[in-house]
file query.txt (compact mmCIF, C-alpha atoms)
# COMPACT_ATOMS: atom_id res chain seq x y z
CA MET A 15 0.00 0.00 0.00
CA SER A 16 1.35 3.46 -0.87
CA PHE A 17 1.07 6.43 1.46
CA PRO A 18 0.84 9.64 -0.62
CA TYR A 19 0.73 11.76 2.54
CA LEU A 20 4.32 10.79 3.42
CA THR A 21 7.34 12.47 1.87
CA TYR A 22 11.10 12.08 2.25
CA SER A 23 13.54 14.88 2.92
CA ARG A 24 16.99 14.87 1.34
CA ALA A 25 18.36 13.33 4.54
CA GLY A 26 15.95 10.43 4.11
CA MET A 27 13.75 11.42 7.07
CA ILE A 28 10.05 10.64 6.67
CA MET A 29 8.02 13.83 7.00
CA MET A 30 4.26 14.24 7.36
CA TYR A 31 2.45 16.83 5.29
CA MET A 32 0.99 19.52 7.55
CA ILE A 33 -1.49 22.38 7.41
CA HIS A 34 -1.04 24.80 10.31
CA ILE A 35 -3.85 27.13 11.46
CA GLY A 36 -2.93 30.00 13.76
CA LYS A 37 -5.20 31.57 16.36
CA PRO A 38 -8.18 33.33 14.74
CA PHE A 39 -8.46 37.10 15.12
CA ILE A 40 -10.92 39.81 14.11
CA THR A 41 -10.28 43.00 12.15
CA GLU A 42 -12.47 45.69 10.60
CA GLU A 43 -11.44 46.94 7.19
CA GLY A 44 -13.52 49.37 5.19
CA ASP A 45 -17.16 48.40 5.46
CA ARG A 46 -16.54 44.74 6.42
CA ALA A 47 -15.58 42.80 9.54
CA PHE A 48 -13.11 39.94 9.09
CA LEU A 49 -12.43 36.70 10.94
CA LYS A 50 -8.91 35.67 9.99
CA ALA A 51 -6.30 33.06 10.79
CA LYS A 52 -2.77 32.64 9.51
CA VAL A 53 -2.55 29.40 7.55
CA SER A 54 0.69 27.67 6.61
CA ILE A 55 0.69 25.07 3.83
CA SER A 56 4.02 23.83 2.51
CA ASP A 57 4.73 23.62 -1.21
CA ASP A 58 4.98 19.83 -0.80
CA THR A 59 1.48 19.70 0.67
CA ALA A 60 0.14 21.91 -2.11
CA GLY A 61 1.81 19.59 -4.61
CA ALA A 62 0.09 16.59 -3.06
CA TYR A 63 -3.25 18.42 -3.32
CA VAL A 64 -2.68 19.20 -6.99
CA ARG A 65 -1.75 15.57 -7.71
CA ALA A 66 -4.97 14.42 -6.00
CA ILE A 67 -7.15 16.57 -8.28
CA THR A 68 -5.14 15.97 -11.47
CA PRO A 69 -7.03 12.94 -12.89
CA GLU A 70 -8.87 14.04 -16.01
CA ARG A 71 -12.32 13.31 -14.63
CA TYR A 72 -11.75 15.92 -11.89
CA ARG A 73 -9.35 18.33 -13.53
CA SER A 74 -11.93 20.28 -15.52
CA VAL A 75 -13.49 21.77 -12.37
CA PHE A 76 -10.22 22.97 -10.80
CA LEU A 77 -7.95 25.87 -11.73
CA THR A 78 -4.50 25.26 -10.25
CA ASP A 79 -2.32 25.58 -13.35
CA GLU A 80 -1.69 29.29 -12.80
CA ASP A 81 0.04 30.71 -9.71
CA TYR A 82 -0.25 27.66 -7.48
CA PRO A 83 0.75 27.59 -4.68
CA PRO A 84 -0.50 31.18 -4.67
CA ALA A 85 1.98 33.99 -4.17
CA ALA A 86 -0.40 35.23 -1.45
CA TRP A 87 0.73 32.36 0.77
CA LYS A 88 4.22 33.82 0.98
CA GLU A 89 3.02 37.40 1.30
CA ASP A 90 0.23 36.87 3.80
CA GLY A 91 -0.96 33.28 4.12
CA THR A 92 -4.29 34.23 5.70
CA LEU A 93 -7.64 32.49 5.35
CA TRP A 94 -10.50 34.86 6.05
CA PHE A 95 -14.27 35.25 6.22
CA ASP A 96 -15.90 38.69 6.13
CA VAL A 97 -19.37 39.89 7.11
CA PRO A 98 -21.20 43.23 7.45
CA PRO A 99 -19.67 45.22 10.34
CA GLU A 100 -22.81 45.07 12.49
CA TYR A 101 -22.15 41.34 12.92
CA SER A 102 -18.54 41.74 14.04
CA GLY A 103 -19.45 40.80 17.63
CA TYR A 104 -20.73 37.42 16.46
CA LEU A 105 -17.53 36.33 14.73
CA CYS A 106 -15.99 33.49 16.73
CA LYS A 107 -12.25 33.82 17.33
CA GLU A 108 -12.30 31.49 20.36
CA ARG A 109 -12.50 28.33 18.24
CA SER A 110 -10.71 26.91 15.21
CA ASN A 111 -13.92 25.18 14.08
CA ALA A 112 -14.60 27.25 10.96
CA PHE A 113 -11.02 26.96 9.73
CA VAL A 114 -10.69 23.22 10.35
CA VAL A 115 -13.96 22.56 8.49
CA ALA A 116 -12.84 24.87 5.68
CA LEU A 117 -9.53 23.04 5.12
CA PHE A 118 -10.63 19.49 5.93
CA TRP A 119 -11.33 18.49 2.30
CA TYR A 120 -7.96 19.91 1.27
CA ALA A 121 -6.22 17.93 4.02
CA MET A 122 -7.95 14.66 3.14
CA ALA A 123 -7.15 15.09 -0.56
CA ALA A 124 -3.50 15.93 0.14
CA GLY A 125 -3.07 13.43 2.95
CA SER A 126 -2.10 16.24 5.31
CA ASP A 127 -2.56 16.51 9.06
CA ILE A 128 -4.16 19.71 10.37
CA GLU A 129 -2.55 21.47 13.31
CA PHE A 130 -4.49 24.28 15.02
CA GLU A 131 -3.66 26.67 17.86
CA ALA A 132 -7.09 27.78 19.13
CA PRO A 133 -9.32 25.09 20.69
CA MET A 134 -11.61 23.00 18.55
CA SER A 135 -15.03 21.85 19.75
CA LYS A 136 -14.81 18.31 21.14
CA ARG A 137 -18.12 17.33 19.58
CA LEU A 138 -16.89 18.47 16.17
CA TYR A 139 -13.54 16.75 16.73
CA ASP A 140 -15.33 13.49 17.61
CA GLY A 141 -17.59 13.84 14.57
CA PHE A 142 -14.59 14.13 12.30
CA THR A 143 -12.48 11.40 13.89
CA GLN A 144 -15.15 8.88 14.87
CA GLU A 145 -17.77 9.27 12.13
CA LEU A 146 -16.74 11.14 8.98
CA MET A 147 -13.06 10.22 8.55
CA PRO A 148 -13.58 6.47 9.07
CA GLU A 149 -16.14 6.46 6.24
CA LEU A 150 -13.83 8.39 3.91
CA GLU A 151 -10.92 6.12 4.83
CA LYS A 152 -12.95 3.12 3.61
CA ASN A 153 -12.70 4.67 0.14
CA GLY A 154 -8.96 5.25 0.33
CA PHE A 155 -8.72 8.80 1.67
CA GLY A 156 -6.51 9.69 4.63
CA PRO A 157 -5.93 8.88 7.37
CA VAL A 158 -5.03 12.34 8.67
CA ALA A 159 -4.72 13.66 12.20
CA LEU A 160 -6.26 16.74 13.81
CA LYS A 161 -3.68 18.12 16.22
CA GLY A 162 -4.47 20.83 18.75
CA PRO A 163 -6.43 21.67 21.91
CA VAL A 164 -9.97 20.31 22.19
CA THR A 165 -12.68 21.59 24.54
CA SER A 166 -16.26 20.72 25.49
CA GLU A 167 -16.94 24.23 26.78
CA PRO A 168 -19.86 25.79 24.85
CA VAL A 169 -19.40 29.19 23.26
CA ARG A 170 -21.70 32.17 23.70
CA CYS A 171 -24.57 31.82 21.19
CA ALA A 172 -27.46 34.17 20.34
CA GLY A 173 -29.59 31.25 19.10
CA GLY A 174 -30.17 32.25 15.49
CA VAL A 175 -31.58 29.85 12.88
CA VAL A 176 -30.18 30.43 9.41
CA SER A 177 -30.63 29.05 5.92
CA GLY A 178 -28.85 29.99 2.72
CA MET A 179 -30.64 31.90 -0.02
CA SER A 180 -29.33 31.44 -3.54
CA GLY A 181 -32.46 32.32 -5.48
CA GLY A 182 -32.77 28.68 -6.54
CA VAL A 183 -35.51 26.10 -6.12
CA ASP A 184 -34.08 24.41 -3.03
CA SER A 185 -33.50 27.61 -1.05
CA PHE A 186 -36.96 29.03 -1.83
CA TYR A 187 -38.55 25.73 -0.84
CA THR A 188 -36.61 25.59 2.44
CA LEU A 189 -37.74 29.12 3.27
CA LYS A 190 -41.35 28.17 2.57
CA CYS A 191 -41.08 25.10 4.81
CA TYR A 192 -39.31 26.73 7.77
CA SER A 193 -40.75 30.23 7.93
CA SER A 194 -44.37 29.83 8.98
CA GLU A 195 -45.76 30.16 12.51
CA ASP A 196 -46.58 26.44 12.41
CA VAL A 197 -42.88 25.55 12.47
CA PRO A 198 -41.48 24.87 15.96
CA GLU A 199 -39.51 27.89 17.15
CA GLU A 200 -36.28 25.93 17.44
CA LYS A 201 -36.40 25.31 13.66
CA ARG A 202 -37.99 28.56 12.46
CA ILE A 203 -35.69 30.62 10.24
CA THR A 204 -34.59 33.96 11.69
CA TYR A 205 -31.77 34.84 9.24
CA LEU A 206 -30.98 34.29 5.60
CA SER A 207 -27.39 33.98 4.43
CA HIS A 208 -25.54 34.21 1.15
CA TYR A 209 -22.02 32.84 0.84
CA THR A 210 -19.60 33.93 -1.86
CA CYS A 211 -17.69 30.66 -1.93
CA SER A 212 -19.30 28.73 -4.76
CA TYR A 213 -17.44 29.49 -7.98
CA LEU A 214 -18.48 27.21 -10.84
CA PHE A 215 -15.88 27.06 -13.59
CA LYS A 216 -17.24 26.65 -17.10
CA PRO A 217 -15.67 25.47 -20.37
CA GLY A 218 -13.32 28.19 -21.59
CA ASP A 219 -12.58 29.61 -18.14
CA MET A 220 -9.13 28.03 -18.06
CA GLU A 221 -8.14 29.81 -21.27
CA LYS A 222 -9.15 33.22 -19.89
CA GLY A 223 -6.74 32.96 -17.00
CA MET A 224 -7.33 33.20 -13.28
CA LYS A 225 -7.74 36.96 -12.89
CA ALA A 226 -10.20 37.27 -15.77
CA MET A 227 -12.17 34.25 -14.61
CA TYR A 228 -12.57 35.55 -11.07
CA ALA A 229 -13.41 39.04 -12.34
CA ASP A 230 -16.27 37.54 -14.35
CA GLU A 231 -17.45 35.50 -11.37
CA ASP A 232 -17.32 38.54 -9.07
CA ALA A 233 -19.41 40.56 -11.52
CA ILE A 234 -22.04 37.83 -11.64
CA GLU A 235 -22.01 37.45 -7.85
CA ALA A 236 -22.60 41.19 -7.38
CA VAL A 237 -25.75 41.06 -9.53
CA ILE A 238 -27.06 37.92 -7.82
CA LEU A 239 -26.39 39.36 -4.35
CA GLU A 240 -28.53 42.42 -5.14
CA ARG A 241 -31.40 40.12 -6.12
CA ILE A 242 -31.00 38.09 -2.94
CA LYS A 243 -31.00 41.24 -0.84
CA ALA A 244 -34.29 42.17 -2.48
CA ILE A 245 -35.72 38.71 -1.73
CA ALA A 246 -34.67 38.89 1.93
CA ALA A 247 -36.01 42.43 2.36
CA GLN A 248 -39.38 41.61 0.83
CA LYS A 249 -39.64 38.39 2.84
CA GLY A 250 -38.77 40.34 6.00
CA TYR A 251 -35.49 38.63 6.94
CA PRO A 252 -32.05 40.06 7.70
CA LEU A 253 -29.55 38.85 5.11
CA ILE A 254 -25.96 38.22 6.18
CA ASP A 255 -23.66 37.97 3.19
CA THR A 256 -20.34 36.25 3.93
CA ASN A 257 -17.31 36.33 1.67
CA THR A 258 -14.19 34.19 1.91
CA ASN A 259 -10.95 33.63 0.02
CA LEU A 260 -11.29 29.87 0.51
CA ASP A 261 -11.76 29.20 -3.20
CA ARG A 262 -9.51 31.85 -4.68
CA ASP A 263 -6.47 31.20 -2.48
CA TYR A 264 -6.86 27.53 -1.55
CA TYR A 265 -9.20 25.24 -3.51
CA ARG A 266 -9.43 26.92 -6.92
CA GLY A 267 -12.57 25.01 -7.86
CA GLY A 268 -14.14 21.67 -7.06
CA TYR A 269 -17.16 23.35 -5.53
CA VAL A 270 -19.55 20.47 -6.24
CA PHE A 271 -17.30 18.11 -4.25
CA MET A 272 -17.07 20.32 -1.16
CA ALA A 273 -20.14 22.57 -1.14
CA MET A 274 -21.44 21.60 2.28
CA TYR A 275 -18.00 21.95 3.89
CA ARG A 276 -17.73 25.48 2.49
CA TYR A 277 -21.20 26.54 3.61
CA LEU A 278 -20.67 25.13 7.08
CA ALA A 279 -17.29 26.87 7.42
CA CYS A 280 -18.88 30.22 6.52
CA THR A 281 -21.65 29.57 9.05
CA LEU A 282 -19.27 28.60 11.86
CA ALA A 283 -17.41 31.87 11.35
CA LEU A 284 -20.51 33.36 13.03
CA GLU A 285 -20.74 30.66 15.69
CA HIS A 286 -21.71 33.26 18.32
CA LEU A 287 -24.86 34.02 16.30
CA TYR A 288 -26.18 30.71 14.96
CA ARG A 289 -27.33 27.57 16.74
CA LEU A 290 -28.86 25.90 13.67
CA TYR A 291 -28.08 25.91 9.97
CA ILE A 292 -30.77 24.41 7.73
CA SER A 293 -29.14 23.10 4.58
CA SER A 294 -31.33 23.34 1.48
CA SER A 295 -31.16 19.77 0.30
CA SER A 296 -31.13 19.22 -3.43
CA GLY A 297 -33.16 16.06 -3.15
CA HIS A 298 -30.79 13.44 -1.77
CA GLU A 299 -32.21 10.03 -1.07
CA SER A 300 -32.31 8.80 2.52
CA GLY A 301 -29.25 6.95 3.78
CA LEU A 302 -25.70 7.02 2.50
CA ILE A 303 -25.25 6.80 -1.25
CA GLU A 304 -21.48 7.15 -1.53
CA VAL A 305 -18.95 8.67 0.83
CA SER A 306 -16.03 10.02 -1.18
CA LEU A 307 -14.18 13.28 -1.69
CA PHE A 308 -14.99 13.14 -5.39
CA VAL A 309 -18.78 12.94 -5.33
CA PRO A 310 -21.21 15.79 -4.63
CA THR A 311 -21.55 16.33 -0.87
CA GLN A 312 -25.31 15.76 -1.16
CA ASN A 313 -24.42 12.08 -1.68
CA TYR A 314 -23.53 11.80 2.00
CA GLU A 315 -25.47 14.75 3.35
CA GLU A 316 -26.97 12.91 6.31
CA LEU A 317 -23.53 11.84 7.52
CA LEU A 318 -22.21 15.39 7.26
CA CYS A 319 -25.18 16.81 9.18
CA ARG A 320 -24.79 14.18 11.89
CA SER A 321 -21.05 14.49 12.35
CA LEU A 322 -20.29 18.19 11.82
CA ARG A 323 -21.85 19.85 14.85
CA THR A 324 -20.60 21.47 18.05
CA GLU A 325 -21.79 21.80 21.65
CA THR A 326 -23.92 24.83 20.68
CA PHE A 327 -24.44 24.45 16.92
CA ARG A 328 -26.34 21.93 14.82
CA TYR A 329 -26.44 21.32 11.08
CA MET A 330 -29.56 19.76 9.54
CA SER A 331 -30.84 18.91 6.09
CA SER A 332 -34.11 20.53 5.10
CA ASP A 333 -35.89 17.63 3.38
CA SER A 334 -35.74 14.89 0.78
CA GLU A 335 -38.66 16.06 -1.40
CA ILE A 336 -38.13 15.57 -5.13
CA ARG A 337 -37.46 18.67 -7.21
CA THR A 338 -40.65 18.57 -9.29
CA GLU A 339 -42.78 18.69 -6.14
CA LYS A 340 -40.70 21.52 -4.72
CA ILE A 341 -41.33 23.48 -7.92
CA ARG A 342 -45.04 22.76 -7.67
CA ALA A 343 -45.03 24.16 -4.11
CA ILE A 344 -43.25 27.43 -4.92
CA ALA A 345 -44.40 28.10 -8.50
CA ASP A 346 -46.83 30.81 -7.38
CA ASP A 347 -44.33 32.64 -5.17
CA GLU A 348 -44.05 36.09 -6.75
CA LEU A 349 -40.44 36.55 -5.64
CA PHE A 350 -39.41 33.19 -7.04
CA ARG A 351 -41.07 34.12 -10.32
CA ARG A 352 -39.21 37.42 -10.44
CA TYR A 353 -35.82 36.45 -9.01
CA ALA A 354 -35.34 32.75 -9.78
CA SER A 355 -31.60 32.13 -10.17
CA VAL A 356 -30.99 28.57 -11.36
CA CYS A 357 -28.51 28.86 -14.21
CA PHE A 358 -25.25 26.91 -14.46
CA ASP A 359 -23.96 29.26 -17.17
CA THR A 360 -25.02 32.64 -15.82
CA GLY A 361 -24.03 35.66 -17.91
CA ARG A 362 -22.40 38.82 -16.55
CA ASN A 363 -25.77 40.44 -15.86
CA GLY A 364 -26.87 37.41 -13.85
CA GLU A 365 -29.58 36.22 -16.25
CA ASN A 366 -30.69 32.61 -16.67
CA CYS A 367 -29.55 31.28 -20.05
CA GLY A 368 -32.60 29.02 -20.40
CA VAL A 369 -30.75 26.16 -22.09
CA CYS A 370 -28.27 24.72 -19.54
CA TYR A 371 -29.09 21.76 -17.31
CA GLY A 372 -29.78 24.02 -14.32
CA CYS A 373 -32.32 26.04 -16.29
CA LEU A 374 -33.94 23.05 -18.00
CA LYS A 375 -34.59 21.16 -14.76
CA THR A 376 -36.55 24.23 -13.61
CA ILE A 377 -38.27 25.56 -16.72
CA ILE A 378 -39.46 22.16 -18.04
CA PRO A 379 -41.36 21.13 -14.89
CA LEU A 380 -42.93 24.61 -14.75
CA ASP A 381 -44.08 24.02 -18.33
CA LEU A 382 -45.43 20.54 -17.54
CA LEU A 383 -47.32 22.02 -14.57
CA GLY A 384 -48.83 24.79 -16.72
CA ARG A 385 -47.21 27.46 -14.51
CA LEU A 386 -44.66 28.92 -16.91
CA ASP A 387 -46.44 32.18 -17.83
CA GLY A 388 -45.51 33.92 -14.58
CA PHE A 389 -41.76 33.56 -15.21
CA SER A 390 -41.20 36.04 -18.03
CA GLU A 391 -38.83 38.10 -15.82
CA SER A 392 -36.63 35.06 -15.16
CA PHE A 393 -36.57 33.29 -18.53
CA ASP A 394 -36.88 34.12 -22.22
CA LEU A 395 -40.15 32.23 -22.63
CA ASP A 396 -40.48 32.94 -26.36
CA ALA A 397 -37.09 31.35 -27.04
CA TYR A 398 -37.92 28.39 -24.83
CA ARG A 399 -41.28 27.72 -26.49
CA ARG A 400 -39.75 28.05 -29.95
CA ASP A 401 -37.11 25.43 -29.18
CA ARG A 402 -39.07 23.36 -26.67
CA GLU A 403 -39.01 20.00 -28.44
CA LYS A 404 -35.30 20.36 -29.25
CA LEU A 405 -34.55 21.17 -25.58
CA PHE A 406 -36.56 18.15 -24.43
CA ARG A 407 -34.49 15.92 -26.70
CA PHE A 408 -31.26 17.55 -25.56
CA LEU A 409 -32.03 16.89 -21.89
CA VAL A 410 -32.97 13.25 -22.50
CA LYS A 411 -29.85 12.71 -24.60
CA PHE A 412 -27.70 14.40 -21.95
CA SER A 413 -29.17 12.12 -19.27
CA GLU A 414 -27.87 9.05 -21.14
CA ARG A 415 -24.24 10.01 -20.50
CA PRO A 416 -22.64 7.57 -18.01
CA GLU A 417 -21.71 10.30 -15.52
CA ALA A 418 -25.09 12.08 -15.66
CA ASP A 419 -26.77 10.39 -12.68
CA SER A 420 -28.50 13.61 -11.58
CA ALA A 421 -29.92 14.21 -15.07
CA ARG A 422 -31.28 10.66 -15.22
CA HIS A 423 -33.12 11.20 -11.93
CA THR A 424 -34.46 14.49 -13.30
CA VAL A 425 -35.72 12.92 -16.54
CA HIS A 426 -37.50 10.14 -14.62
CA GLN A 427 -39.18 12.75 -12.41
CA LEU A 428 -40.24 14.72 -15.48
CA LEU A 429 -41.68 11.61 -17.11
CA ASP A 430 -43.71 10.84 -14.01
CA LEU A 431 -44.91 14.45 -13.89
CA ALA A 432 -45.81 14.44 -17.59
CA ILE A 433 -47.90 11.29 -17.16
CA LYS A 434 -49.59 12.69 -14.07
CA GLU A 435 -50.41 16.16 -15.45
CA LYS A 436 -51.48 15.03 -18.96
CA SER A 437 -50.65 18.40 -20.54
CA GLU A 438 -49.69 19.25 -24.13
CA ALA A 439 -46.13 19.89 -22.99
CA GLY A 440 -46.17 16.60 -21.10
CA ASP A 441 -47.21 14.67 -24.18
CA MET A 442 -44.42 16.33 -26.14
CA PHE A 443 -41.87 15.41 -23.46
CA ILE A 444 -42.97 11.77 -23.47
CA ARG A 445 -42.67 11.63 -27.27
CA ALA A 446 -39.20 13.21 -27.09
CA TYR A 447 -38.12 10.63 -24.52
CA GLU A 448 -39.42 7.75 -26.62
CA SER A 449 -37.81 9.04 -29.81
CA VAL A 450 -34.38 9.49 -28.18
CA THR A 451 -34.30 6.29 -26.13
CA GLY A 452 -36.47 4.01 -28.26
CA MET A 453 -38.35 3.09 -25.09
CA ARG A 454 -42.05 3.53 -24.45
CA ARG A 455 -43.04 5.04 -21.12
CA LYS A 456 -46.15 3.38 -19.72
CA ALA A 457 -48.59 5.29 -17.54
call {"tool": "encode", "arguments": {"input": "query.txt", "output": "structure tokens"}}
result
Amino acid sequence: MSFPYLTYSRAGMIMMYMIHIGKPFITEEGDRAFLKAKVSISDDTAGAYVRAITPERYRSVFLTDEDYPPAAWKEDGTLWFDVPPEYSGYLCKERSNAFVVALFWYAMAAGSDIEFEAPMSKRLYDGFTQELMPELEKNGFGPVALKGPVTSEPVRCAGGVVSGMSGGVDSFYTLKCYSSEDVPEEKRITYLSHYTCSYLFKPGDMEKGMKAMYADEDAIEAVILERIKAIAAQKGYPLIDTNTNLDRDYYRGGYVFMAMYRYLACTLALEHLYRLYISSSSGHESGLIEVSLFVPTQNYEELLCRSLRTETFRYMSSDSEIRTEKIRAIADDELFRRYASVCFDTGRNGENCGVCYGCLKTIIPLDLLGRLDGFSESFDLDAYRRDREKLFRFLVKFSERPEADSARHTVHQLLDLAIKEKSEAGDMFIRAYESVTGMRRKA
């Protein structure tokens, strides 16, 4: 068995890769408050990380060819989270929790131990070492060690309940489910959050170069954030937008593989504010599907929610409802109609393209449900209706690709919905499915 996390010095001494996290501290700069910690990652450790993500099936979603390890490591070497200044008093510098969660995926991929100076929550430490890491180790990742002080002492907590708002189907549905007076107070949402940590690289981004790619992403994020602020204001919730350099200076992509780690890290930065984070599930099935670094985190969402908690903070999944039923439930929400943000190929002005997988798995069920007319501010409905049959065929054909598990689930849900609703669009979708696959779908 090989051990990629071990390296040899010139003297022949075996050395362990190491990520070192200094004590967190808080600063205020301009109109933002920052939670920071000095992070030290050796070039050897960074090299091991790059080798882990190099296989072709992963490489297309990472951007580490340019300036990696980043020059910023030598100049500053600081991982940070920033929030509006009025929330400065809720940033948690007493624990390393946010930083350990943030760098855990990196450490497991590189085979690197994590060393931290400020205490880590014992419950979180036990969740990592006794629940999550053993499952990942079964699939060949690690083992790594978490080295530093551990404490069971709870931190001060204001008791907030937060859920992320992206403008997508899952986040709108979570808000609908956990905002009414019928919801028990301990699960009723009191804050909405938006995290700038979810860069999605698209074909062609690599050729543009890192600075141009991030400039484009920042421009898109700025437009989307304004929409989300409008949603929060009209729904009557405070919105806390949190930024981080976790992607830009450390991961450089791979968002789909580490989404829940990133969101949780951003939430734990405000550990003095939140006691519960409600994750907007994207429709995972109950139980473990696959526990691996290189699958979407929704594939082992229940394990993550169970293991990554502290003495004062809990992480829970919102639901396991299928997407078509979520869309049925929120289709008449005026803010969803106006501000729906579901695109995987968003342009610089933040619009939905209407033809990518993210758009199609939203616009087609709305069509099958007969609820599409209210979405003229979110989609180009004329273009969609003109090309509808071609788009149906494209989605079915896309779902036949070996790696397109999510698309296959979507197509099966759409077929069931088409049979159930018996609409003109539904009949067209069934015919498109049969013509592409050569299979008849029975009612």
call {"tool": "closest_residue", "arguments": {"input": "query.txt", "among": "A:Asp58, A:Asp45, A:Glu89, A:Glu438", "to": "Asp263 of chain A", "atoms": "only C-alpha atoms"}}
result
A:Glu89
call {"tool": "residues_around", "arguments": {"input": "query.txt", "residues": "segment 148-157 of chain A", "least_positions_apart": "2", "cutoff": "10 Å", "atoms": "all atoms listed in the file", "output": "list in words"}}
result
Phe17, Pro18, Tyr19, Ala121, Met122, Ala123, Ala124, Gly125, Ser126, Asp127, Phe142, Thr143, Gln144, Glu145, Leu146, Ala159, Glu304, Val305, Ser306, Leu307 and Leu317 of chain A
call {"tool": "closest_residue", "arguments": {"input": "query.txt", "among": "A:Val169, A:Ile234, A:Ala112, A:Leu382", "to": "Lys50 of chain A", "atoms": "all atoms listed in the file"}}
result
A:Ala112
call {"tool": "atom_distance", "arguments": {"input": "query.txt", "atom1": "atom CA of Phe113 of chain A", "atom2": "atom CA of Ile35 of chain A"}}
result
7.4 Å
call {"tool": "closest_residue", "arguments": {"input": "query.txt", "among": "A:Glu325, A:Glu448, A:Asp387, A:Glu315", "to": "Ser166 of chain A", "atoms": "only C-alpha atoms"}}
result
A:Glu325
call {"tool": "atom_distance", "arguments": {"input": "query.txt", "atom1": "atom CA of Val176 of chain A", "atom2": "atom CA of Tyr291 of chain A"}}
result
5.0 Å
call {"tool": "closest_residue", "arguments": {"input": "query.txt", "among": "A:Phe48, A:Phe271, A:Trp94, A:Tyr31", "to": "Ile67 of chain A", "atoms": "all atoms listed in the file"}}
result
A:Phe271
call {"tool": "residues_around", "arguments": {"input": "query.txt", "residues": "Leu380 of chain A", "least_positions_apart": "3", "cutoff": "9 Å", "atoms": "only C-alpha atoms", "output": "count of residues only"}}
result
11
call {"tool": "closest_residue", "arguments": {"input": "query.txt", "among": "A:Gly181, A:Gly61, A:Pro379, A:Pro98", "to": "Val237 of chain A", "atoms": "only C-alpha atoms"}}
result
A:Gly181
call {"tool": "axis_aligned_box", "arguments": {"input": "query.txt", "around": "segment 334-338 of chain A", "padding_each_side": "5 Å", "output": "lines of an AutoDock Vina configuration file"}}
result
center_x = -38.2
center_y = 16.8
center_z = -4.3
size_x = 14.9
size_y = 13.8
size_z = 20.1
call {"tool": "residues_around", "arguments": {"input": "query.txt", "residues": "Met32 of chain A", "least_positions_apart": "5", "cutoff": "8 Å", "atoms": "only C-alpha atoms", "output": "MDAnalysis selection string"}}
result
chainID A and resid 55:56 59 126:129
